[in-house]
Structures are given as structure tokens and as C-alpha cells.
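**Student:** This is the structure I have questions about; it appears just below.
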Amino acid sequence: MSIFSIATSGLSAASLRVNVAASNIANVNTTGPLPASGGSSSSAGAGSPGIAPTFPAAYVPLRVDQVSQSSGSTPDGTVATVSTVSPSYTAQSDPSAPFANQDGMVAAPNVDLANEFAQLATAKYSFIANAKVIQAYAETTDSLLDITT
């Protein structure tokens with residue numbers, strides 16, 4: 001694989017990382033009804049089945065898993081995939097929400113804002129580094145092909 005394609009795979013991964021972090025940050029306050037859990041010690045789930053279908057579920061946060069590709073000893077860039085965060089929600093008190101259970105609890109996305117901003121910074125510097133590699137590759141190729149006497 002060429003240096004150019006390795007750097008573009010890094011650019012693609014950084015772009016995906018920014019999109020996922022931005023989505024998580026934008027939806028950090030998108031709560032929903034707590035999913036019905038059969039093992040609850042309170043009877044809060046008794047009224048939830050009638051309420052839950054009426055309101056949308058809480059936002060399910062995402063994460064980017066990035067791994068290096070290689071064929072033997074030859075580097076082939078990186079691959080980034082998106083998966084859901086587990087557990088996807090945390091119970092949060094919001095008695096004023098129309099979908100709150102009897103205890104006033106709702107499902108809030110399990111988003112760590114500090115981590116999301118760290119992901120944005122990581123993506124920024126990864127994007128810059130890979131763009132510099134592409135720029136250096138272009139300049140080197142250009143100077144190699146520029147045969148003047």
C-alpha cells in the first residue's frame with residue numbers, strides 16, 4: 001500500500017472520529033424512558049410498558065474503534081469502525097419528564113464529555129499529521145518528476 005493511501009485512511013478515521021464525537025456531544029441531553037428491566041426491586045416498571053412506546057428511547061452513544069491494518073510486516077493504514085457504547089444509558093433523576101418512571105428516573109446517554117472533547121483533539125491532530133504526510137508526499141513526488149536542466 002502506498003504512503004498516500006495510508007495517510008488517506010488516517011484522514012478517513014479522523015473524520016469518522018469527529019463525526020461520532022460531535023453526535024455524542026450534540027445528543028448528551030437526549031433522554032428517554034428507562035428500558036423495562038425485569039430485575040428491578042421497585043415496581044417502577046409496572047407503569048413503563050404503556051409509556052415507553054409513546055416516547056423515543058434515549059440517544060445511544062457511539063464510539064470509534066480504530067485498528068492498524070498490516071499484511072505481514074507491511075503497514076496498510078488504519079481501519080475505523082463505529083460501535084455503540086455499553087452500557088448505553090445511565091439512570092438520571094428528572095421527575096418533570098413526562099416519561100419518568102415512578103421514582104422520577106429517566107435514561108440518559110452514557111456520554112463522557114471530557115472523553116468526547118479528548119476524541120475531538122485526537123482527531124484534529126491526527127488529521128493534521130496525515131494531511132502533512134500527503135503534502136510531503138506530493139512535494140516529494142513533484143520534485144522527483146521536476147527534471148529541469
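For the C-alpha cells, the naming scheme is as follows: chains receive sequential letters (A, B, ...) according to their order of presentation, residues are indexed from 1 within each chain, and ligands are indexed from 1 in presentation order.
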Using only C-alpha atoms, which protein or nucleic acid residues come within 6 Å of segment 77-93 of chain A? Drop anything in the same chain fewer than 6 positions from it, and give the result as a list in words.

**Tutor:**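 The residues satisfying every condition are Ile6, Ser9, Ala13, Val60, Pro61, Leu62, Arg63, Val64, Asp65, Gln66, Val67, Ser68, Gln69, Gly104, Met105, Val106, Ala107, Ala108, Pro109 and Asn110 of chain A.
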
**Student:** For Asn27 of chain A, which residue among A:Val133, A:Ser143, A:Val111, A:Ala138 is the nearest when counting only C-alpha atoms?

**Tutor:** A:Val111

**Student:** Just asking: which residues within chain A are helix (DSSP H, G or I) according to DSSP, as JSON, numbers by chain?

**Tutor:** {"A": [3, 4, 5, 6, 7, 8, 9, 10, 11, 12, 13, 14, 15, 16, 17, 18, 19, 20, 21, 22, 23, 24, 25, 26, 43, 44, 45, 46, 48, 49, 50, 51, 52, 53, 54, 113, 114, 115, 116, 117, 118, 119, 120, 121, 122, 123, 124, 125, 126, 127, 128, 129, 130, 131, 132, 133, 134, 135, 136, 137, 138, 139, 140, 141, 142, 143, 144, 145]}

**Student:** Figure out the distance between atom CA of Asp94 of chain A and atom CA of Ala57 of chain A, please, to one decimal in Å.

**Tutor:**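 Separation of atom CA of Ala57 of chain A and atom CA of Asp94 of chain A: 14.9 Å.
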
**Student:** Skipping near chain neighbours, those fewer than 5 positions away, what residues fall within 8 Å of Ser126 of chain A using only C-alpha atoms, listed as an MDAnalysis selection string?

**Tutor:** chainID A and resid 10:11 14

**Student:** Extract, using only C-alpha atoms, all DNA, RNA and protein residues at most 12 Å from Pro56 of chain A, discarding same-chain residues fewer than 3 positions from it, and format them as a ChimeraX atom specification.

**Tutor:** /A:30-35,51-53,59-60,98-99,106-107

**Student:** Do you know which residues are at most 12 Å from Thr141 of chain A counting only C-alpha atoms, after dropping those on the same chain fewer than 6 positions away, and could you put them as a list in words?

**Tutor:** Ile3, Phe4, Ile134, Gln135 and Ile147 of chain A

**Student:** Between atom CA of Ala129 of chain A and atom CA of Asn115 of chain A, measure the distance and give it in Å to one decimal.

**Tutor:**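 We find that atom CA of Ala129 of chain A and atom CA of Asn115 of chain A lie 20.8 Å from each other.
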
**Student:** Just checking: using only C-alpha atoms, which residue out of A:Asn130, A:Asn101, A:Asn29, A:Thr140 ends up closest to Ala58 of chain A?

**Tutor:**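 Nearest to Ala58 of chain A: A:Asn29.
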
**Student:** Which value, in Å to one decimal, gives the distance between atom CA of Ser2 of chain A and atom CA of Leu145 of chain A?

**Tutor:**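 Atom-to-atom, atom CA of Ser2 of chain A and atom CA of Leu145 of chain A are spaced 17.3 Å apart.
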
**Student:** Check segment 12-128 of chain A with DSSP on the backbone and list each residue it calls strand (DSSP E or B), as a ChimeraX atom specification.

**Tutor:** /A:32,62-71,74-84,89-93,105-109
